[in-house]
Each structure stands twice: as C-alpha cells, then as structure tokens.
$ cat run-v3.cif   # mmCIF, C-alpha atoms
data_query
loop_
_atom_site.label_atom_id
_atom_site.label_comp_id
_atom_site.auth_asym_id
_atom_site.auth_seq_id
_atom_site.Cartn_x
_atom_site.Cartn_y
_atom_site.Cartn_z
CA MET B 540 108.64 115.69 -26.46
CA THR B 541 112.02 114.54 -25.15
CA PHE B 542 112.75 111.25 -23.43
CA SER B 543 112.73 112.82 -19.96
CA ASP B 544 109.35 114.43 -20.69
CA LEU B 545 108.01 110.99 -21.53
CA ILE B 546 109.33 109.62 -18.22
CA VAL B 547 107.70 112.47 -16.29
CA MET B 548 104.44 111.88 -18.16
CA ALA B 549 104.54 108.16 -17.33
CA VAL B 550 105.26 108.71 -13.62
CA SER B 551 102.56 111.36 -13.45
CA ALA B 552 100.02 109.05 -15.12
CA ILE B 553 100.83 106.23 -12.69
CA LEU B 554 101.00 108.15 -9.41
CA ILE B 555 99.74 111.73 -9.59
CA GLN B 556 96.92 111.67 -12.12
CA ASN B 557 96.04 108.11 -11.14
CA VAL B 558 93.27 106.70 -13.30
CA ILE B 559 91.21 105.37 -10.39
CA LEU B 560 91.93 107.70 -7.50
CA GLN B 561 92.14 111.06 -9.27
CA GLN B 562 90.20 110.56 -12.51
CA PHE B 563 87.52 108.17 -11.16
CA LEU B 564 87.70 105.82 -14.14
CA GLY B 565 87.16 102.09 -13.72
CA ILE B 566 85.50 102.26 -10.31
CA CYS B 567 83.27 99.23 -11.01
CA PRO B 568 86.10 96.70 -11.48
CA PHE B 569 88.07 98.52 -8.77
CA LEU B 570 85.34 97.75 -6.23
CA GLY B 571 84.18 94.55 -7.88
CA VAL B 572 87.31 92.42 -8.17
CA SER B 573 89.55 93.92 -5.49
CA GLY B 574 88.22 91.47 -2.88
CA LYS B 575 90.82 88.86 -3.81
CA ARG B 576 94.47 89.59 -4.56
CA ASP B 577 94.74 87.06 -7.44
CA SER B 578 91.69 88.37 -9.26
CA ALA B 579 92.87 91.96 -8.78
CA VAL B 580 96.21 91.18 -10.42
CA GLY B 581 94.50 89.20 -13.20
CA MET B 582 92.12 92.06 -13.93
CA GLY B 583 94.98 94.59 -13.80
CA LEU B 584 97.10 92.66 -16.31
CA ALA B 585 94.15 92.20 -18.69
CA VAL B 586 93.43 95.92 -18.44
CA ILE B 587 97.04 96.81 -19.34
CA VAL B 588 96.79 94.82 -22.59
CA VAL B 589 93.37 96.18 -23.54
CA ILE B 590 93.92 99.85 -22.61
CA THR B 591 97.20 100.04 -24.54
CA LEU B 592 95.84 98.31 -27.66
CA ALA B 593 92.51 100.17 -27.56
CA SER B 594 94.15 103.59 -27.22
CA LEU B 595 96.57 102.92 -30.08
CA THR B 596 93.80 101.58 -32.33
CA SER B 597 91.47 104.48 -31.51
CA TRP B 598 94.32 106.94 -32.11
CA ALA B 599 94.99 105.43 -35.52
CA LEU B 600 91.31 105.37 -36.48
CA TYR B 601 90.82 108.95 -35.36
CA TYR B 602 93.76 110.43 -37.28
CA LEU B 603 93.66 108.15 -40.33
CA LEU B 604 89.91 107.78 -40.80
CA LEU B 605 87.62 110.05 -38.79
CA LYS B 606 89.58 113.30 -39.02
CA PRO B 607 90.27 113.21 -42.79
CA LEU B 608 86.58 112.45 -43.35
CA GLY B 609 85.48 115.19 -40.91
CA MET B 610 83.48 112.70 -38.86
CA GLN B 611 84.86 113.42 -35.39
CA TYR B 612 81.33 113.29 -33.99
CA MET B 613 81.32 109.54 -34.61
CA SER B 614 84.26 109.00 -32.25
CA THR B 615 82.31 107.69 -29.24
CA LEU B 616 80.48 105.14 -31.38
CA VAL B 617 83.65 104.05 -33.18
CA TYR B 618 85.75 103.70 -30.01
CA ILE B 619 83.21 101.55 -28.19
CA LEU B 620 82.99 99.21 -31.18
CA VAL B 621 86.80 99.09 -31.37
CA ILE B 622 87.01 98.21 -27.69
CA ALA B 623 84.30 95.56 -27.86
CA SER B 624 85.87 93.85 -30.88
CA LEU B 625 89.39 94.21 -29.49
CA VAL B 626 88.37 92.46 -26.28
CA GLN B 627 86.93 89.62 -28.38
CA ILE B 628 90.10 89.36 -30.47
CA VAL B 629 92.41 89.39 -27.44
CA GLU B 630 90.24 86.70 -25.89
CA MET B 631 90.37 84.46 -28.98
CA PHE B 632 94.10 85.10 -29.46
CA LEU B 633 94.93 84.16 -25.87
CA LYS B 634 92.71 81.08 -26.01
CA LYS B 635 94.62 79.76 -29.07
CA THR B 636 98.17 80.78 -28.25
CA ILE B 637 98.63 81.03 -24.47
CA PRO B 638 95.91 78.86 -22.92
CA ALA B 639 97.51 79.10 -19.44
CA LEU B 640 97.27 82.88 -19.45
CA TYR B 641 93.76 82.64 -20.91
CA ARG B 642 92.62 80.45 -18.02
CA SER B 643 93.81 83.02 -15.48
CA LEU B 644 92.67 86.19 -17.33
CA GLY B 645 89.77 84.80 -19.37
CA ILE B 646 86.93 85.61 -17.02
CA TYR B 647 88.02 89.24 -16.65
CA LEU B 648 88.23 89.99 -20.35
CA PRO B 649 84.48 90.37 -21.15
CA LEU B 650 84.12 92.70 -18.15
CA ILE B 651 86.66 95.08 -19.63
CA THR B 652 84.36 96.19 -22.45
CA THR B 653 82.32 98.18 -19.94
CA ASN B 654 85.36 99.36 -17.97
CA CYS B 655 85.19 103.10 -18.42
CA ALA B 656 88.97 103.42 -17.93
CA VAL B 657 89.42 101.95 -21.44
CA LEU B 658 87.07 104.30 -23.27
CA GLY B 659 88.17 107.17 -21.00
CA THR B 660 91.85 106.72 -21.85
CA ALA B 661 91.10 106.41 -25.57
CA LYS B 662 89.16 109.70 -25.36
CA ASN B 663 91.89 111.33 -23.26
CA VAL B 664 94.75 110.68 -25.67
CA ILE B 665 92.78 112.37 -28.45
CA ALA B 666 91.74 115.30 -26.22
CA LYS B 667 95.39 115.83 -25.17
CA LYS B 668 96.49 115.76 -28.86
CA PHE B 669 99.20 113.15 -28.22
CA ASN B 670 101.29 111.65 -31.03
CA PHE B 671 101.60 107.89 -31.49
CA LEU B 672 104.56 107.40 -29.10
CA GLU B 673 103.03 109.62 -26.43
CA THR B 674 99.76 107.71 -26.77
CA PHE B 675 101.60 104.44 -26.22
CA VAL B 676 103.50 105.70 -23.13
CA PHE B 677 100.47 107.47 -21.63
CA SER B 678 98.01 104.62 -22.09
CA PHE B 679 100.48 101.99 -20.86
CA ALA B 680 101.37 104.08 -17.80
CA THR B 681 97.69 104.77 -17.07
CA ALA B 682 97.01 101.04 -17.10
CA VAL B 683 100.03 100.34 -14.88
CA GLY B 684 98.58 102.90 -12.46
CA PHE B 685 95.33 100.92 -12.53
CA LEU B 686 97.13 97.65 -11.71
CA PHE B 687 99.20 99.35 -8.99
CA VAL B 688 96.20 100.83 -7.15
CA ILE B 689 93.94 97.80 -7.55
CA TYR B 690 96.73 95.59 -6.12
CA ILE B 691 97.36 97.86 -3.12
CA PHE B 692 93.64 98.10 -2.55
CA SER B 693 93.11 94.32 -2.67
CA THR B 694 95.71 93.83 0.07
CA LEU B 695 94.03 96.54 2.16
CA ARG B 696 90.61 94.97 1.69
CA SER B 697 91.77 91.53 2.78
CA LYS B 698 92.87 93.15 6.08
CA ILE B 699 89.64 95.16 6.38
CA ALA B 700 87.53 92.04 5.83
CA ARG B 701 88.93 90.61 9.06
CA GLY B 702 88.13 93.76 11.06
CA ASP B 703 85.07 94.42 13.17
CA ILE B 704 83.07 96.78 10.95
CA PRO B 705 79.61 98.23 11.75
CA LYS B 706 76.99 96.46 9.66
CA ALA B 707 76.00 99.49 7.58
CA PHE B 708 79.62 100.07 6.52
CA GLN B 709 80.34 96.50 5.42
CA GLY B 710 81.21 95.96 1.76
CA ILE B 711 81.17 98.94 -0.58
CA PRO B 712 80.87 101.84 1.96
CA ILE B 713 84.01 100.95 3.91
CA ALA B 714 85.80 100.20 0.62
CA LEU B 715 84.96 103.71 -0.65
CA ILE B 716 86.19 105.36 2.55
CA THR B 717 89.44 103.36 2.38
CA ALA B 718 89.80 104.45 -1.25
CA GLY B 719 89.32 108.05 -0.10
CA ILE B 720 92.22 107.76 2.35
CA LEU B 721 94.33 106.11 -0.35
CA ALA B 722 93.44 108.98 -2.71
CA MET B 723 94.66 111.50 -0.11
CA ILE B 724 98.02 109.71 -0.01
CA PHE B 725 98.26 109.66 -3.82
CA ALA B 726 97.31 113.35 -4.02
CA LYS B 727 100.48 114.12 -2.03
CA PHE B 728 102.75 112.42 -4.60
CA GLY B 729 102.28 115.49 -6.76
CA GLU B 730 104.11 117.67 -4.24
CA LEU B 731 106.97 115.17 -3.90
CA ILE B 732 107.83 115.00 -7.58
CA ILE B 733 107.20 118.45 -9.02
CA MET U 1201 47.70 101.36 -13.17
CA ASN U 1202 49.28 100.55 -9.87
CA SER U 1203 52.09 98.59 -11.51
CA LYS U 1204 52.70 101.50 -13.91
CA LEU U 1205 53.18 103.82 -10.98
CA GLN U 1206 55.46 101.27 -9.37
CA ASN U 1207 57.60 101.08 -12.53
CA LEU U 1208 58.13 104.80 -12.20
CA THR U 1209 58.75 105.12 -8.48
CA LYS U 1210 60.91 102.06 -7.85
CA GLY U 1211 63.92 104.00 -9.13
CA PHE U 1212 63.52 106.66 -6.47
CA TRP U 1213 64.34 104.43 -3.53
CA ALA U 1214 63.55 100.67 -3.70
CA GLU U 1215 65.82 100.04 -6.72
CA ASN U 1216 67.75 103.31 -6.74
CA PRO U 1217 70.69 102.85 -9.12
CA ILE U 1218 73.27 104.46 -6.83
CA LEU U 1219 72.01 103.81 -3.31
CA ILE U 1220 70.74 100.25 -3.72
CA SER U 1221 72.25 98.78 -6.89
CA MET U 1222 75.49 100.79 -6.54
CA LEU U 1223 75.80 101.27 -10.31
CA GLY U 1224 77.19 104.27 -12.16
CA LEU U 1225 79.64 105.17 -9.43
CA CYS U 1226 82.27 106.64 -11.80
CA PRO U 1227 80.28 109.76 -12.78
CA THR U 1228 78.85 109.93 -9.25
CA LEU U 1229 82.35 110.32 -7.85
CA ALA U 1230 83.78 112.42 -10.65
CA ILE U 1231 81.31 115.24 -11.25
CA THR U 1232 79.56 115.83 -7.92
CA TYR U 1233 81.85 118.67 -6.83
CA LYS U 1234 79.31 121.12 -8.34
CA VAL U 1235 75.49 121.09 -8.27
CA GLU U 1236 75.44 122.41 -11.82
CA ASN U 1237 77.38 119.34 -13.03
CA ALA U 1238 74.99 117.02 -11.23
CA LEU U 1239 71.97 118.63 -12.93
CA GLY U 1240 73.66 118.48 -16.35
CA MET U 1241 74.70 114.85 -15.91
CA GLY U 1242 71.23 113.95 -14.62
CA LEU U 1243 69.52 115.49 -17.66
CA ALA U 1244 71.95 113.80 -20.05
CA VAL U 1245 71.34 110.41 -18.43
CA LEU U 1246 67.57 111.04 -18.44
CA PHE U 1247 67.58 111.65 -22.20
CA VAL U 1248 69.87 108.72 -23.06
CA LEU U 1249 68.08 106.29 -20.74
CA VAL U 1250 64.56 107.19 -21.91
CA MET U 1251 65.47 107.08 -25.60
CA SER U 1252 67.52 103.89 -25.40
CA ASN U 1253 64.88 102.10 -23.29
CA LEU U 1254 62.19 103.20 -25.76
CA ILE U 1255 64.08 102.08 -28.86
CA ILE U 1256 65.31 98.82 -27.34
CA SER U 1257 61.83 97.94 -26.14
CA LEU U 1258 60.39 98.67 -29.62
CA ILE U 1259 63.00 96.53 -31.44
CA ARG U 1260 63.19 93.76 -28.83
CA HIS U 1261 61.35 91.23 -31.02
CA PHE U 1262 63.62 91.76 -34.05
CA VAL U 1263 67.01 91.50 -32.34
CA PRO U 1264 68.52 88.00 -32.22
CA ASP U 1265 69.44 87.03 -28.69
CA GLU U 1266 73.14 86.35 -29.41
CA ILE U 1267 73.93 89.85 -30.66
CA ARG U 1268 71.64 91.83 -28.36
CA ILE U 1269 74.44 93.38 -26.26
CA PRO U 1270 76.32 94.90 -29.25
CA VAL U 1271 72.98 96.17 -30.62
CA PHE U 1272 72.14 97.78 -27.27
CA ILE U 1273 75.57 99.42 -27.12
CA VAL U 1274 75.19 100.89 -30.62
CA VAL U 1275 71.73 102.28 -29.74
CA ILE U 1276 73.07 103.79 -26.52
CA ALA U 1277 76.20 105.21 -28.20
CA THR U 1278 74.03 106.90 -30.84
CA PHE U 1279 72.03 108.80 -28.23
CA VAL U 1280 75.18 109.65 -26.26
CA SER U 1281 76.63 111.20 -29.43
CA VAL U 1282 73.44 113.24 -29.81
CA VAL U 1283 73.75 114.50 -26.21
CA GLU U 1284 77.44 115.33 -26.75
CA MET U 1285 76.67 117.46 -29.80
CA VAL U 1286 73.70 119.22 -28.19
CA MET U 1287 75.61 120.03 -25.00
CA GLU U 1288 78.67 121.23 -26.90
CA ALA U 1289 76.45 123.63 -28.85
CA PHE U 1290 74.22 124.97 -26.07
CA VAL U 1291 76.14 124.66 -22.77
CA PRO U 1292 79.80 124.79 -23.87
CA ASN U 1293 81.20 125.65 -20.42
CA LEU U 1294 79.45 122.79 -18.69
CA PHE U 1295 80.41 120.44 -21.52
CA ALA U 1296 84.09 121.47 -21.32
CA ARG U 1297 84.12 120.55 -17.63
CA MET U 1298 82.65 117.09 -17.99
CA SER U 1299 82.83 116.09 -21.65
CA LEU U 1300 84.73 112.90 -20.78
CA PHE U 1301 82.03 111.68 -18.42
CA ILE U 1302 79.27 112.57 -20.88
CA SER U 1303 80.88 110.25 -23.46
CA LEU U 1304 81.32 107.64 -20.76
CA ILE U 1305 77.54 107.38 -20.38
CA VAL U 1306 77.99 104.76 -23.14
CA VAL U 1307 79.59 102.36 -20.69
CA ASN U 1308 77.48 103.41 -17.71
CA CYS U 1309 76.19 100.21 -16.14
CA ILE U 1310 72.83 101.81 -15.31
CA ILE U 1311 71.89 102.29 -18.97
CA LEU U 1312 73.03 98.89 -20.22
CA GLY U 1313 71.64 97.31 -17.06
CA ARG U 1314 68.14 98.74 -17.64
CA ALA U 1315 68.27 97.76 -21.33
CA GLU U 1316 69.18 94.18 -20.49
CA ALA U 1317 67.08 93.73 -17.33
CA PHE U 1318 63.98 95.73 -18.23
CA ALA U 1319 63.55 97.23 -21.71
CA SER U 1320 64.35 93.99 -23.54
CA LYS U 1321 61.49 92.26 -21.70
CA HIS U 1322 58.73 94.90 -21.35
CA ASN U 1323 56.55 97.06 -23.61
CA TRP U 1324 57.55 100.59 -24.52
CA LEU U 1325 55.37 102.43 -22.00
CA ASP U 1326 56.65 100.44 -19.03
CA SER U 1327 60.21 100.83 -20.32
CA VAL U 1328 59.90 104.60 -20.61
CA LEU U 1329 58.39 104.86 -17.11
CA ASP U 1330 61.19 102.67 -15.77
CA ALA U 1331 63.79 104.87 -17.50
CA VAL U 1332 62.28 108.11 -16.17
CA GLY U 1333 62.16 106.72 -12.64
CA MET U 1334 65.71 105.39 -12.73
CA ALA U 1335 67.11 108.60 -14.22
CA LEU U 1336 65.29 110.76 -11.66
CA GLY U 1337 66.50 108.53 -8.84
CA PHE U 1338 70.05 108.84 -10.18
CA THR U 1339 69.73 112.62 -10.53
CA MET U 1340 68.32 113.08 -7.03
CA VAL U 1341 71.27 111.27 -5.46
CA LEU U 1342 73.77 113.18 -7.64
CA VAL U 1343 72.22 116.50 -6.61
CA PHE U 1344 72.12 115.46 -2.94
CA ILE U 1345 75.84 114.54 -2.93
CA SER U 1346 76.84 117.64 -4.87
CA LEU U 1347 74.82 119.90 -2.54
CA ILE U 1348 76.79 118.54 0.41
CA ARG U 1349 80.14 118.76 -1.38
CA GLU U 1350 79.70 122.19 -2.95
CA ALA U 1351 78.17 123.74 0.17
CA LEU U 1352 80.89 122.42 2.49
CA GLY U 1353 83.68 122.83 -0.05
CA THR U 1354 83.09 126.37 -1.28
CA GLY U 1355 80.63 127.75 1.30
CA SER U 1356 78.12 128.61 -1.41
CA ILE U 1357 76.02 127.07 -4.17
CA THR U 1358 76.42 128.53 -7.65
CA ILE U 1359 74.07 127.53 -10.44
CA TRP U 1360 74.36 128.82 -14.02
CA GLY U 1361 76.76 131.56 -12.95
CA ASP U 1362 74.47 133.09 -10.28
CA LEU U 1363 75.45 132.85 -6.65
CA ALA U 1364 72.35 131.18 -5.27
CA ILE U 1365 73.02 130.71 -1.56
CA ASN U 1366 75.96 131.69 0.64
CA PHE U 1367 76.34 129.42 3.66
CA ASN U 1368 79.55 130.80 5.01
CA PRO U 1369 79.32 134.54 5.72
CA ASN U 1370 81.84 134.38 8.61
CA ASN U 1371 84.57 132.35 6.87
CA SER U 1372 84.19 129.51 9.34
CA PRO U 1373 87.03 126.90 9.20
CA PHE U 1374 84.35 124.20 9.13
CA PHE U 1375 84.10 124.79 5.36
CA SER U 1376 87.13 123.44 3.54
CA SER U 1377 88.12 123.00 -0.08
CA PHE U 1378 88.85 119.38 0.90
CA TYR U 1379 85.20 118.55 0.16
CA VAL U 1380 85.55 119.39 -3.53
CA SER U 1381 88.81 117.40 -3.89
CA PRO U 1382 88.88 113.82 -5.28
CA PRO U 1383 89.49 112.01 -1.93
CA ALA U 1384 86.38 113.60 -0.43
CA ALA U 1385 84.30 112.19 -3.30
CA PHE U 1386 85.06 108.67 -2.09
CA ILE U 1387 84.52 109.47 1.58
CA VAL U 1388 81.25 111.40 1.16
CA LEU U 1389 79.81 108.70 -1.13
CA GLY U 1390 80.95 105.98 1.31
CA LEU U 1391 79.16 107.70 4.19
CA ILE U 1392 75.98 108.21 2.13
CA LEU U 1393 75.91 104.55 1.02
CA ALA U 1394 76.44 103.48 4.64
CA GLY U 1395 73.51 105.71 5.62
CA SER U 1396 71.24 104.23 2.95
CA LYS U 1397 72.22 100.69 4.03
CA ALA U 1398 71.39 101.56 7.63
CA ILE U 1399 67.98 102.95 6.62
CA THR U 1400 67.20 99.85 4.53
CA ALA U 1401 68.19 97.59 7.43
CA ALA U 1402 66.05 99.59 9.87
CA LYS U 1403 63.05 99.32 7.51
CA GLU U 1404 63.48 95.54 7.29
CA VAL U 1405 63.51 95.24 11.07
CA LYS U 1406 60.33 97.32 11.26
CA SER U 1407 58.46 95.26 8.63
CA LYS U 1408 59.27 92.06 10.57
#

$ encode --input "run-v3.cif" --output "structure tokens"
Amino acid sequence: MTFSDLIVMAVSAILIQNVILQQFLGICPFLGVSGKRDSAVGMGLAVIVVITLASLTSWALYYLLLKPLGMQYMSTLVYILVIASLVQIVEMFLKKTIPALYRSLGIYLPLITTNCAVLGTAKNVIAKKFNFLETFVFSFATAVGFLFVIYIFSTLRSKIARGDIPKAFQGIPIALITAGILAMIFAKFGELII
Amino acid sequence: MNSKLQNLTKGFWAENPILISMLGLCPTLAITYKVENALGMGLAVLFVLVMSNLIISLIRHFVPDEIRIPVFIVVIATFVSVVEMVMEAFVPNLFARMSLFISLIVVNCIILGRAEAFASKHNWLDSVLDAVGMALGFTMVLVFISLIREALGTGSITIWGDLAINFNPNNSPFFSSFYVSPPAAFIVLGLILAGSKAITAAKEVKSK
C-alpha cells in the first residue's frame, strides 16, 4: 500500500466509513457522554489512545500467537482480555506520569472496556487482513472519526437541550433522530471524495 | 409462582432492554435492515444470555467480589465464541453479514447488565427466567424494527431466501431504499423510542 493509499484509507475511516454513524460502533458512549462538550472531548481523546493501542496489541497477538498455534477461535476471548487489561494499564500509567491528564480523562477510562468501537476495530483490522502500519493508520483514523463526530454531536445537543421539544422526544429519541440527520450528511462525503 | 412469572415477563415491556433501559443499541441500529438478521441476532443473544446467567448464578458464591466483572466477561466471551463457531458452521451467509456484531455480544450492555444486576444475586431458576424474558423482549423489538425497515426499504420481507410477503406490487414511491440505509436506522429507532416513552407516560397518567 502506497502513502497516498494510506491517506485515502485514513480519510475514508474518519468521514465516509465513520465508526459511529456508518458502522454503529460505540453508540453507548456516543449517547451517554455527548451531553457536555468537555466530557465528549475527554472521552474522544481517551478512546483514541485505547483504540490505537488495543488494535496494535490484538494484531500482534493474532499474528504472533493465535495464528501460529491455530487458535483463531479464541480471538474474541483474547481481545476482550487485552482491552480490559490495557485500559487498566493506561489508567495506572496516566495516574503516575501525567496526573493532570488523568484527572480529566480518568473517569472515562473504565467505560471504554465496554465500548464496542474498541473490540470492533480490533476485529476489523484482522478481518481486513491489514499489516502493522495499515492497522496503526486505520485504528488511529477510526478513533479520530469517533472524536470528530462525538464533538460535533455534543455541540448540537447543547443547542437542542435549549429547544422546545415534545416530552416523548426528550433525551435519547431526539438525540437519535439528530444522529440520523448527521449520518445523512456524512453519507454524502463518499460522493465528494471518490 | 407469581414472582417467577414476573421474572419472565418483565423483559417484554416493563424492563424491556431496548425500549425502557435503552441498552444494546449498537446491534439494534446495525443489523435491523433485515428481519432475518434480527431473528439470528435474537437467537444468539438468547443463547448467550441464558447460559451466562445460568453459569454466573451457579458460581456466584465462589467468585470474590473484587474480580467479579472480569469473571463475568470471561464467561460471556466463552459462550459468544461458541455461538460464533456454531453460526459459522450452520448459517454461513447470515454469519458473514453480521459476524462483527455477533462477536460484539461480548460487550453488549444487556448481557453484562443482567449478570451484574440479576444473576449475581438470584438463584439459577430465576436467573434463567430473567434471561429468557430479557432476550425475548430484545428479539421482539429487533424484529419489530426490522419489519418496518425491510418492508419500507425493499417492499418485501425475505426470510431464509424465500420471498415471504410482497408489499409493493405497484412500485409505489412510498417505499424507498432510504429505510435500509444507516441514517434511517437512527431515525426509525428514535421514533420508536419516542413512541414507547409516550405510551409509558400515558400509562402513568392513567394509573394516577
């Protein structure tokens, strides 16, 4: 894969095949923490670190351990343990080395274990047969796409919260419909670029 | 006996995982473009939820409190791997379409939520009834959403390769492939959740 292919893959992972709006991964944190702009950015940054590290670690474990041993069927079990321990390690590392960052990201880290975008991306890079560099670019770009959409969405929701919304639509229902309109916009990026 | 029945039926409406608790929305959005997918996902969740609730309820006295979440996740991941292998062998086409979301049952909040909130505190029979009820409630909503989306999106419902019902003999423009596209997943689910909220609110007013 040439350099320009990598760029196209990154742009496509951020905008066209967006992890939230097109692949429906990570909907829980998307709806859960997008109420406030600061928490949305905090969650997004934490997700970038964890998705990138988890995909690279899972890639290495799959090709260096599971595949030579012929134990591909263990992948789901191995990945979820990798993710859970990785989240713990990142949490401890941040607490020791960058306490300021830990204070702002700390509360989002445990939530990431059950963020299906992390496990989904780790599974995707194996299914797409990426090499190590492609895995790095793809998982990083996927996570940037997550941050991008969750940030846009948090600004939209702070406007919506001030609107006069019928009672039944308040909260999650109106958020989902807004996300649907946002997804329509993102679906059109595909025609712009390719 | 009454409480046993209640353990089973509370998942259908009163504590429905999608409509009331709003859990497990990722697969709900992702796979409901086809009724077939919804049935497959529902069965997979039924198996994983029943087995994990059963095992977790049986081992609940031996698991130290501090490590219960990792233990639950390992139990759940084991049964998800079983489902993956069975589906790959017997329904390869269906599995190819939604293999990612079958593996993601591991991190589905419904399963871990029931393990933590119910199975770790109740005996095995109650836990199994709870699991069956929750999984059926989940499946019913999945099938309901996918019926709407597939019928409006393709004009027909196809299950296991047979054209079951054709709704659109005259090629009416009312049916549009928009309904099977990703944006429509969000909008249809948003409308359904709004509807369920309205019904719940109306019931509360009535009971007062």

$ interface_residues --input "run-v3.cif" --of "chain U" --to "chain B" --cutoff "6 Å" --atoms "only C-alpha atoms" --output "number ranges by chain"
U: 1226, 1230, 1277, 1307, 1382-1383, 1386-1387, 1390, 1393-1394, 1397-1398

$ atom_distance --input "run-v3.cif" --atom1 "atom CA of B:Thr596" --atom2 "atom CA of B:Ile546"
22.5 Å

$ atom_distance --input "run-v3.cif" --atom1 "atom CA of U:Val1283" --atom2 "atom CA of B:Pro649"
26.9 Å

$ closest_residue --input "run-v3.cif" --among "U:Glu1236, U:Asp1326, U:Glu1404, U:Asp1362" --to "U:Thr1339" --atoms "only C-alpha atoms"
U:Glu1236

$ resolve_selection --input "run-v3.cif" --expression "the PyMOL selection byres ((chain B and resi 626) around 10)" --output "ChimeraX atom specification"
/B:585-586,588-590,592-593,620-625,627-632,648-652

$ closest_residue --input "run-v3.cif" --among "B:Ala680, B:Ile704, B:Ala549, B:Ile689" --to "B:Ala579" --atoms "only C-alpha atoms"
B:Ile689

$ decode --input "run-v3.cif" --residues "stretch 1247-1284 of chain U" --atoms "C-alpha atoms" --output "mmCIF file, in the first residue's frame"
data_model
loop_
_atom_site.group_PDB
_atom_site.id
_atom_site.type_symbol
_atom_site.label_atom_id
_atom_site.label_comp_id
_atom_site.auth_asym_id
_atom_site.auth_seq_id
_atom_site.Cartn_x
_atom_site.Cartn_y
_atom_site.Cartn_z
ATOM 1 C CA PHE U 1247 -28.355 -18.479 23.986
ATOM 2 C CA VAL U 1248 -25.556 -16.303 25.400
ATOM 3 C CA LEU U 1249 -27.799 -14.591 27.946
ATOM 4 C CA VAL U 1250 -29.412 -17.800 29.236
ATOM 5 C CA MET U 1251 -26.108 -19.668 29.504
ATOM 6 C CA SER U 1252 -24.172 -16.799 31.075
ATOM 7 C CA ASN U 1253 -26.964 -16.019 33.562
ATOM 8 C CA LEU U 1254 -27.150 -19.713 34.486
ATOM 9 C CA ILE U 1255 -23.402 -20.138 34.985
ATOM 10 C CA ILE U 1256 -22.944 -16.825 36.797
ATOM 11 C CA SER U 1257 -25.825 -17.574 39.130
ATOM 12 C CA LEU U 1258 -24.376 -21.043 39.891
ATOM 13 C CA ILE U 1259 -20.864 -19.710 40.639
ATOM 14 C CA ARG U 1260 -21.973 -16.515 42.390
ATOM 15 C CA HIS U 1261 -20.937 -17.756 45.858
ATOM 16 C CA PHE U 1262 -17.399 -18.725 44.769
ATOM 17 C CA VAL U 1263 -16.423 -15.550 42.913
ATOM 18 C CA PRO U 1264 -14.701 -12.883 45.036
ATOM 19 C CA ASP U 1265 -16.454 -9.553 44.737
ATOM 20 C CA GLU U 1266 -13.408 -7.597 43.506
ATOM 21 C CA ILE U 1267 -12.838 -9.706 40.396
ATOM 22 C CA ARG U 1268 -16.452 -10.462 39.524
ATOM 23 C CA ILE U 1269 -16.579 -8.258 36.401
ATOM 24 C CA PRO U 1270 -13.563 -9.913 34.680
ATOM 25 C CA VAL U 1271 -15.002 -13.336 35.602
ATOM 26 C CA PHE U 1272 -18.379 -12.396 34.097
ATOM 27 C CA ILE U 1273 -16.691 -11.159 30.921
ATOM 28 C CA VAL U 1274 -14.737 -14.411 30.517
ATOM 29 C CA VAL U 1275 -17.922 -16.471 30.994
ATOM 30 C CA ILE U 1276 -19.786 -14.335 28.458
ATOM 31 C CA ALA U 1277 -16.899 -14.369 25.948
ATOM 32 C CA THR U 1278 -16.772 -18.170 26.134
ATOM 33 C CA PHE U 1279 -20.418 -18.522 25.123
ATOM 34 C CA VAL U 1280 -20.053 -15.862 22.425
ATOM 35 C CA SER U 1281 -17.183 -17.889 20.938
ATOM 36 C CA VAL U 1282 -19.436 -20.965 20.958
ATOM 37 C CA VAL U 1283 -22.171 -19.031 19.111
ATOM 38 C CA GLU U 1284 -19.627 -17.712 16.590
#
